[in-house]
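Peer 1: Provided below: structure-v9.tsv, containing TSV, C-alpha atoms.
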```
chain	number	residue	atom	x	y	z
A	1	MET	CA	147.43	107.16	127.57
A	2	GLU	CA	145.16	105.68	130.19
A	3	ALA	CA	145.28	102.19	131.69
A	4	GLY	CA	148.99	102.51	132.42
A	5	THR	CA	149.88	102.10	128.76
A	6	LYS	CA	152.27	104.52	127.11
A	7	MET	CA	151.84	104.17	123.37
A	8	GLN	CA	154.88	104.94	121.24
A	9	SER	CA	155.78	103.95	117.70
A	10	PRO	CA	158.55	101.34	117.44
A	11	GLU	CA	160.84	103.90	115.80
A	12	LYS	CA	161.14	105.63	119.16
A	13	GLU	CA	163.33	104.34	121.96
A	14	THR	CA	160.53	104.04	124.51
A	15	ARG	CA	158.44	100.91	124.08
A	16	PRO	CA	154.85	100.51	125.32
A	17	GLU	CA	154.49	99.24	128.86
A	18	LEU	CA	152.55	96.00	129.09
A	19	SER	CA	149.02	96.26	130.40
A	20	THR	CA	148.44	94.62	133.77
A	21	MET	CA	144.70	94.36	133.22
A	22	SER	CA	142.73	91.19	132.59
A	23	VAL	CA	142.49	89.87	129.05
A	24	GLN	CA	138.89	91.05	128.74
A	25	SER	CA	139.76	94.68	129.52
A	26	VAL	CA	140.87	96.92	126.67
A	27	PRO	CA	143.30	99.85	127.12
A	28	THR	CA	141.98	103.30	126.26
A	29	SER	CA	143.32	106.56	124.89
A	30	PRO	CA	142.08	110.09	125.55
A	31	LEU	CA	140.54	112.05	122.69
A	32	ARG	CA	142.55	115.23	122.96
A	33	SER	CA	140.39	117.51	120.84
A	34	THR	CA	137.25	117.32	123.00
A	35	ASP	CA	138.35	116.02	126.42
A	36	GLU	CA	135.51	113.52	126.39
A	37	LYS	CA	135.73	109.98	127.69
A	38	ALA	CA	138.61	107.87	126.44
A	39	ILE	CA	138.29	105.63	123.41
A	40	PRO	CA	138.91	101.87	123.82
A	41	LEU	CA	141.80	100.94	121.54
A	42	ILE	CA	139.99	97.92	120.09
A	43	GLY	CA	136.64	98.50	118.43
A	44	PHE	CA	134.19	95.89	117.17
A	45	GLY	CA	133.27	96.50	113.53
A	46	THR	CA	129.74	95.79	112.32
A	47	ALA	CA	130.13	96.19	108.55
A	48	GLU	CA	129.62	93.16	106.31
A	49	TYR	CA	129.24	93.39	102.56
A	50	PRO	CA	126.71	93.29	101.04
A	51	PHE	CA	125.58	95.69	103.74
A	52	GLY	CA	122.85	94.22	105.92
A	53	ALA	CA	123.81	90.64	105.03
A	54	SER	CA	124.15	89.59	108.69
A	55	ARG	CA	121.33	91.76	109.99
A	56	ASP	CA	119.31	88.82	111.38
A	57	THR	CA	122.18	87.45	113.48
A	58	LEU	CA	124.10	90.63	114.22
A	59	LYS	CA	122.29	91.46	117.46
A	60	GLU	CA	123.27	88.16	119.06
A	61	THR	CA	126.85	88.55	117.78
A	62	ILE	CA	127.13	91.96	119.42
A	63	ILE	CA	125.71	90.63	122.69
A	64	GLU	CA	128.37	87.91	122.60
A	65	ALA	CA	131.02	90.57	121.94
A	66	ILE	CA	129.87	92.51	125.01
A	67	LYS	CA	130.12	89.31	127.07
A	68	LEU	CA	133.71	88.85	125.86
A	69	GLY	CA	134.70	92.36	126.87
A	70	TYR	CA	134.24	94.55	123.80
A	71	ARG	CA	133.00	98.02	124.73
A	72	HIS	CA	133.70	100.01	121.56
A	73	PHE	CA	131.35	99.41	118.62
A	74	ASP	CA	131.73	100.88	115.14
A	75	THR	CA	128.74	101.31	112.85
A	76	ALA	CA	127.60	103.64	110.05
A	77	ALA	CA	124.40	104.71	108.35
A	78	ILE	CA	125.37	102.82	105.18
A	79	TYR	CA	126.15	99.56	107.02
A	80	GLN	CA	122.51	98.88	107.98
A	81	SER	CA	123.85	97.75	111.36
A	82	GLU	CA	122.72	100.66	113.55
A	83	GLN	CA	119.36	99.11	114.42
A	84	PRO	CA	120.73	95.66	115.41
A	85	LEU	CA	123.42	97.41	117.48
A	86	GLY	CA	120.78	99.48	119.25
A	87	GLU	CA	118.74	96.35	119.99
A	88	ALA	CA	121.84	94.60	121.33
A	89	ILE	CA	122.60	97.53	123.64
A	90	SER	CA	119.05	97.47	124.98
A	91	ASP	CA	119.27	93.72	125.59
A	92	ALA	CA	122.69	94.01	127.23
A	93	LEU	CA	121.30	96.55	129.68
A	94	ARG	CA	118.24	94.40	130.38
A	95	LEU	CA	120.40	91.29	130.91
A	96	GLY	CA	122.78	93.16	133.22
A	97	LEU	CA	125.80	92.63	130.95
A	98	ILE	CA	126.48	96.34	131.37
A	99	LYS	CA	125.18	98.62	134.10
A	100	SER	CA	124.95	101.75	131.97
A	101	ARG	CA	125.06	102.82	128.34
A	102	ASP	CA	127.99	105.00	129.43
A	103	GLU	CA	130.13	101.85	129.66
A	104	LEU	CA	130.04	101.65	125.86
A	105	PHE	CA	131.77	103.76	123.21
A	106	ILE	CA	129.56	103.99	120.12
A	107	THR	CA	130.77	105.34	116.78
A	108	SER	CA	128.65	105.99	113.71
A	109	LYS	CA	129.25	107.74	110.41
A	110	LEU	CA	127.57	110.27	108.14
A	111	TRP	CA	126.93	108.83	104.68
A	112	CYS	CA	127.86	110.84	101.58
A	113	SER	CA	124.28	111.57	100.49
A	114	ASP	CA	123.76	113.34	103.84
A	115	ALA	CA	127.09	115.20	103.66
A	116	HIS	CA	125.42	118.57	103.12
A	117	HIS	CA	125.13	121.24	105.82
A	118	ASP	CA	121.35	121.05	106.29
A	119	LEU	CA	121.23	117.24	106.21
A	120	VAL	CA	123.85	116.44	108.86
A	121	LEU	CA	121.67	117.02	111.91
A	122	PRO	CA	118.65	115.08	110.51
A	123	ALA	CA	121.01	112.22	109.59
A	124	LEU	CA	122.37	112.04	113.14
A	125	HIS	CA	118.85	112.15	114.55
A	126	LYS	CA	117.99	109.15	112.35
A	127	THR	CA	121.12	107.33	113.52
A	128	LEU	CA	120.22	107.95	117.17
A	129	LYS	CA	116.67	106.70	116.53
A	130	ASN	CA	118.08	103.51	114.99
A	131	LEU	CA	120.45	103.05	117.93
A	132	LYS	CA	117.80	103.98	120.54
A	133	LEU	CA	120.36	106.30	122.10
A	134	GLU	CA	120.41	109.92	123.20
A	135	TYR	CA	123.96	110.44	121.92
A	136	VAL	CA	126.87	108.73	120.19
A	137	ASP	CA	130.41	108.98	121.49
A	138	LEU	CA	131.91	109.64	118.08
A	139	TYR	CA	130.38	110.77	114.78
A	140	LEU	CA	132.52	110.65	111.64
A	141	ILE	CA	132.26	112.00	108.11
A	142	HIS	CA	132.51	108.67	106.27
A	143	TRP	CA	134.22	109.85	103.06
A	144	PRO	CA	135.53	113.23	101.86
A	145	LEU	CA	132.91	113.43	99.11
A	146	SER	CA	129.20	114.22	98.87
A	147	LEU	CA	126.46	112.54	96.86
A	148	LYS	CA	123.28	114.09	95.62
A	149	PRO	CA	120.65	113.75	98.40
A	150	VAL	CA	119.23	110.40	97.33
A	151	LYS	CA	118.73	107.13	99.19
A	152	HIS	CA	121.71	105.42	100.81
A	153	ASP	CA	123.30	103.16	98.23
A	154	PHE	CA	126.67	101.50	97.75
A	155	PRO	CA	127.80	101.18	95.07
A	156	PHE	CA	126.22	104.46	93.99
A	157	LYS	CA	125.76	106.12	90.61
A	158	LYS	CA	128.89	107.99	89.60
A	159	GLU	CA	126.79	110.84	88.24
A	160	ASP	CA	125.54	111.45	91.80
A	161	MET	CA	129.01	112.42	93.07
A	162	VAL	CA	129.48	116.10	93.92
A	163	PRO	CA	132.28	118.01	95.70
A	164	MET	CA	131.94	118.26	99.45
A	165	ASP	CA	131.68	121.71	100.98
A	166	ILE	CA	133.88	120.64	103.86
A	167	LYS	CA	133.62	123.95	105.72
A	168	SER	CA	129.80	123.95	105.90
A	169	VAL	CA	129.56	120.19	106.55
A	170	TRP	CA	132.08	120.46	109.38
A	171	GLU	CA	130.19	123.42	110.86
A	172	ALA	CA	127.11	121.17	110.99
A	173	MET	CA	129.18	118.44	112.67
A	174	GLU	CA	130.34	121.00	115.25
A	175	GLU	CA	126.70	121.95	115.88
A	176	CYS	CA	125.91	118.27	116.55
A	177	HIS	CA	128.68	118.28	119.15
A	178	ASP	CA	127.54	121.59	120.65
A	179	ILE	CA	124.03	120.32	121.38
A	180	GLY	CA	125.28	117.05	122.87
A	181	LEU	CA	124.15	114.57	120.23
A	182	THR	CA	127.74	113.39	119.80
A	183	LYS	CA	130.53	113.65	122.34
A	184	SER	CA	133.28	113.85	119.71
A	185	ILE	CA	133.47	114.40	115.96
A	186	GLY	CA	135.92	113.19	113.37
A	187	VAL	CA	136.49	111.97	109.84
A	188	SER	CA	137.27	108.83	107.88
A	189	ASN	CA	139.40	108.33	104.78
A	190	PHE	CA	140.91	111.83	104.91
A	191	SER	CA	144.42	112.46	103.55
A	192	CYS	CA	146.89	114.87	105.16
A	193	LYS	CA	145.93	117.52	102.61
A	194	LYS	CA	142.21	117.15	103.26
A	195	LEU	CA	142.82	117.28	107.00
A	196	GLU	CA	144.80	120.49	106.51
A	197	THR	CA	141.85	121.99	104.62
A	198	LEU	CA	139.44	120.99	107.39
A	199	LEU	CA	141.70	122.19	110.20
A	200	SER	CA	142.20	125.59	108.58
A	201	GLY	CA	138.57	126.52	109.28
A	202	ALA	CA	137.58	124.21	112.12
A	203	ARG	CA	136.42	125.54	115.48
A	204	ILE	CA	136.59	121.99	116.89
A	205	PRO	CA	139.38	119.88	115.37
A	206	PRO	CA	138.60	116.27	114.41
A	207	ALA	CA	139.23	113.85	117.26
A	208	VAL	CA	139.72	110.84	114.98
A	209	ASN	CA	140.65	109.91	111.42
A	210	GLN	CA	139.57	106.35	110.60
A	211	VAL	CA	141.56	104.94	107.69
A	212	GLU	CA	142.71	101.69	106.16
A	213	MET	CA	145.84	100.49	107.93
A	214	SER	CA	147.64	97.16	108.15
A	215	PRO	CA	151.24	95.88	108.13
A	216	LEU	CA	151.02	96.11	104.33
A	217	TRP	CA	149.61	99.66	104.38
A	218	GLN	CA	151.23	101.34	107.36
A	219	GLN	CA	150.22	104.97	106.76
A	220	LYS	CA	153.45	106.33	108.25
A	221	LYS	CA	153.10	109.84	106.81
A	222	LEU	CA	149.45	110.17	107.82
A	223	ARG	CA	150.07	108.79	111.32
A	224	LYS	CA	152.89	111.29	111.88
A	225	PHE	CA	150.69	114.16	110.71
A	226	CYS	CA	147.77	113.07	112.93
A	227	GLU	CA	150.05	112.66	115.95
A	228	GLU	CA	151.32	116.22	115.47
A	229	LYS	CA	147.75	117.53	115.25
A	230	GLY	CA	146.41	115.53	118.20
A	231	ILE	CA	144.18	113.34	116.02
A	232	VAL	CA	143.74	109.68	116.99
A	233	VAL	CA	144.14	107.28	114.07
A	234	GLU	CA	141.69	104.40	113.84
A	235	ALA	CA	142.70	101.46	111.66
A	236	TYR	CA	140.08	99.61	109.65
A	237	SER	CA	140.81	96.47	107.62
A	238	PRO	CA	143.87	95.71	109.82
A	239	LEU	CA	143.92	92.17	108.41
A	240	GLY	CA	143.42	93.22	104.78
A	241	ALA	CA	139.63	92.71	104.71
A	242	LYS	CA	140.00	89.21	103.28
A	243	GLY	CA	136.66	87.91	102.02
A	244	THR	CA	135.22	91.28	101.01
A	245	VAL	CA	134.86	92.49	97.43
A	246	TRP	CA	137.50	95.18	98.05
A	247	GLY	CA	139.75	93.17	100.35
A	248	THR	CA	142.90	91.16	99.80
A	249	ASN	CA	144.47	88.02	101.30
A	250	GLN	CA	147.97	89.51	101.02
A	251	VAL	CA	148.13	90.40	104.71
A	252	MET	CA	147.03	87.01	106.02
A	253	GLU	CA	149.27	85.20	103.50
A	254	CYS	CA	152.37	87.33	104.16
A	255	ASP	CA	155.35	85.02	104.83
A	256	VAL	CA	157.03	87.46	107.23
A	257	LEU	CA	153.88	87.76	109.34
A	258	LYS	CA	153.39	83.98	109.26
A	259	GLU	CA	156.95	83.43	110.51
A	260	ILE	CA	156.49	85.90	113.37
A	261	ALA	CA	153.15	84.34	114.30
A	262	GLN	CA	154.67	80.85	114.37
A	263	ALA	CA	157.57	82.01	116.53
A	264	LYS	CA	155.18	83.71	118.96
A	265	GLY	CA	152.65	80.91	119.08
A	266	LYS	CA	150.03	83.41	117.92
A	267	SER	CA	147.85	83.79	114.86
A	268	VAL	CA	148.73	86.10	111.98
A	269	ALA	CA	145.68	88.16	112.94
A	270	GLN	CA	146.96	88.60	116.49
A	271	VAL	CA	150.38	89.69	115.21
A	272	CYS	CA	148.72	92.30	112.96
A	273	LEU	CA	146.55	93.63	115.77
A	274	ARG	CA	149.40	93.72	118.27
A	275	TRP	CA	151.54	95.56	115.70
A	276	ALA	CA	148.81	98.17	115.21
A	277	TYR	CA	148.39	98.54	118.97
A	278	GLU	CA	152.13	99.14	119.33
A	279	GLN	CA	151.86	101.95	116.77
A	280	GLY	CA	149.53	103.79	119.14
A	281	VAL	CA	146.39	103.53	117.02
A	282	CYS	CA	142.88	102.31	117.71
A	283	VAL	CA	142.04	99.13	115.79
A	284	ILE	CA	138.63	98.17	114.39
A	285	VAL	CA	138.36	94.39	114.24
A	286	LYS	CA	135.58	92.47	112.56
A	287	SER	CA	134.92	88.81	113.07
A	288	PHE	CA	131.58	87.25	113.89
A	289	ASN	CA	133.27	83.94	114.85
A	290	LYS	CA	133.28	83.55	118.64
A	291	GLU	CA	136.74	82.00	118.89
A	292	ARG	CA	138.33	84.64	116.67
A	293	MET	CA	136.47	87.34	118.59
A	294	LYS	CA	138.24	86.05	121.72
A	295	GLN	CA	141.62	85.85	119.99
A	296	ASN	CA	141.31	89.44	118.75
A	297	LEU	CA	141.21	90.62	122.37
A	298	ASP	CA	144.20	88.49	123.39
A	299	ILE	CA	146.93	90.91	122.32
A	300	PHE	CA	147.79	92.83	125.50
A	301	ASP	CA	149.96	90.50	127.60
A	302	TRP	CA	152.75	89.96	125.08
A	303	ARG	CA	154.78	92.15	122.73
A	304	LEU	CA	156.67	92.10	119.47
A	305	SER	CA	160.47	92.24	119.63
A	306	ASP	CA	162.47	95.08	118.10
A	307	ASP	CA	163.65	92.71	115.37
A	308	GLU	CA	160.08	91.66	114.56
A	309	LEU	CA	158.94	95.28	114.45
A	310	LEU	CA	161.82	96.10	112.11
A	311	LYS	CA	160.87	93.26	109.77
A	312	ILE	CA	157.27	94.48	109.66
A	313	SER	CA	158.37	98.08	109.05
A	314	GLN	CA	160.27	96.91	105.96
A	315	LEU	CA	157.35	95.10	104.31
A	316	PRO	CA	156.44	96.27	100.78
A	317	GLN	CA	153.40	98.56	100.91
A	318	CYS	CA	150.20	98.08	98.95
A	319	LYS	CA	146.84	99.71	99.64
A	320	GLY	CA	143.96	97.23	99.75
A	321	TYR	CA	141.09	99.54	98.77
A	322	PRO	CA	142.05	102.31	96.33
A	323	ALA	CA	138.50	103.78	96.36
A	324	LEU	CA	137.85	103.41	92.63
A	325	ASP	CA	134.14	103.75	93.43
A	326	PHE	CA	134.78	107.41	94.27
A	327	VAL	CA	136.68	108.21	91.06
A	328	SER	CA	135.12	109.37	87.79
A	329	ASP	CA	136.12	111.45	84.78
A	330	ASP	CA	133.05	113.59	85.42
A	331	GLY	CA	133.25	113.63	89.23
A	332	PRO	CA	135.14	115.70	91.82
A	333	PHE	CA	138.08	113.24	91.73
A	334	LYS	CA	139.36	112.19	88.30
A	335	SER	CA	141.90	109.65	89.55
A	336	VAL	CA	142.88	107.57	92.55
A	337	GLN	CA	145.96	109.77	92.98
A	338	GLU	CA	143.74	112.85	93.14
A	339	PHE	CA	141.35	111.25	95.62
A	340	TRP	CA	144.16	110.35	98.04
A	341	ASP	CA	146.23	113.47	97.23
A	342	GLY	CA	149.15	111.32	96.14
A	343	GLU	CA	149.23	109.38	99.44
A	344	ILE	CA	148.99	106.00	97.71
```
Have the structure of the file written as structure tokens, please.

Peer 2:
Amino acid sequence: MEAGTKMQSPEKETRPELSTMSVQSVPTSPLRSTDEKAIPLIGFGTAEYPFGASRDTLKETIIEAIKLGYRHFDTAAIYQSEQPLGEAISDALRLGLIKSRDELFITSKLWCSDAHHDLVLPALHKTLKNLKLEYVDLYLIHWPLSLKPVKHDFPFKKEDMVPMDIKSVWEAMEECHDIGLTKSIGVSNFSCKKLETLLSGARIPPAVNQVEMSPLWQQKKLRKFCEEKGIVVEAYSPLGAKGTVWGTNQVMECDVLKEIAQAKGKSVAQVCLRWAYEQGVCVIVKSFNKERMKQNLDIFDWRLSDDELLKISQLPQCKGYPALDFVSDDGPFKSVQEFWDGEI
């Protein structure tokens, strides 16, 4: 990895070297599948449910994040945060907070109702118009399922769910990469089995798989598979998404994590983020509180001990969001087990 940081999982003998950079600089990792610019290993999430709830204040929050040192921003068509992010980027350039758009790493996602071959390119064009950008750095398929081509809604009508033609949708994603509208392409919420299906016919392999991951849902099997295939894992909900309709407070209330945090003089959130960083994954953090935004960047000049990593590795596992919204007796996936291919 770049920035003098060798990322290894704690099961291996070699531990990550500490970064010598300033607190406001974030280590990066190359995206092996496309050889494009490296991805900062902390991303700033812009989703808040109900989607669009913080639209009026989000631009100023993102500008503050840029001032603090965030350079990787994660959005999606369904989040209703693309336009405020685009406005914040324009303002950051005008204010001289960044010299070039190229200093930023921007990710967006294809919503399920656009997950059809002929709708992918128009959807990305709309995303770029919202962002006021000529390209995104990373474009992801948001979920491994398609919806009938209706307006963007979440929750959506279960009768609108249809199987995704992953081969044709991925071909359209590859076309978006070929013409330069996105530097890299990837997926989100894909199991090992679904990744195998995609890889079997892909001309360009996915650079990233963004999935739920926290100390209470460590995704060991999926991370091993992605490492073998050269796919970077991005962790969303690394703190359990407390406060959302699908989230849980189990991560933040975990006694083991609290004990480690107290011993370190850190917050539980910082322990969770440092743990994820030491697993070699990219972490998407989401707080619109300035002090917590600062704390979420303060994870690079200290490390967890082998004993602390062992304790975390032994925590009971429980997925926060089982994706019940995507399951229906009449839909492509009849059960949660089927949706996740037993990886739950």

Peer 1: Taking (151.4, 110.7, 106.2) in the coordinates of the supplied file, I want to know which residues reach to within 12 Å of it, counting all atoms listed in the file; could you give the answer as a ChimeraX atom specification?

Peer 2: /A:190-196,209,211,213,217-229,233,340-344

Peer 1: What box, with edges along x, y and z, holds each listed atom of range 113-120 of chain A when 5 Å is added on every side, and can you state its centre and edge lengths in Å to one decimal, as lines of an AutoDock Vina configuration file?

Peer 2:
```
center_x = 124.2
center_y = 116.4
center_z = 104.7
size_x = 15.9
size_y = 19.7
size_z = 18.4
```

Peer 1: Can you pull out every residue within 9 Å of Glu134 in chain A, counting only C-alpha atoms, but drop anything in the same chain fewer than 2 positions away, and send it as a list in words?

Peer 2: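 Here the qualifying residues turn out to be Leu128, Lys129, Leu131, Lys132, Val136, Gly180, Leu181 and Thr182 of chain A.
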
Peer 1: Extract, using all atoms listed in the file, all DNA, RNA and protein residues at most 10 Å from Ala241 in chain A, discarding same-chain residues fewer than 4 positions from it, and format them as a ChimeraX atom specification.

Peer 2: /A:212,214,236-237,245-252,285-286,320-321

Peer 1: So what do you get for CA of Asp91 in chain A versus CA of Glu64 in chain A, distance-wise?

Peer 2: 11.2 Å

Peer 1: Please report the interatomic distance between CA of Leu93 in chain A and CA of Cys176 in chain A in Å with one decimal.

Peer 2: 25.8 Å

Peer 1: Tell me, in Å to one decimal, how far CA of Glu48 in chain A is from CA of Leu257 in chain A.

Peer 2: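 Those two atoms sit 25.0 Å apart.
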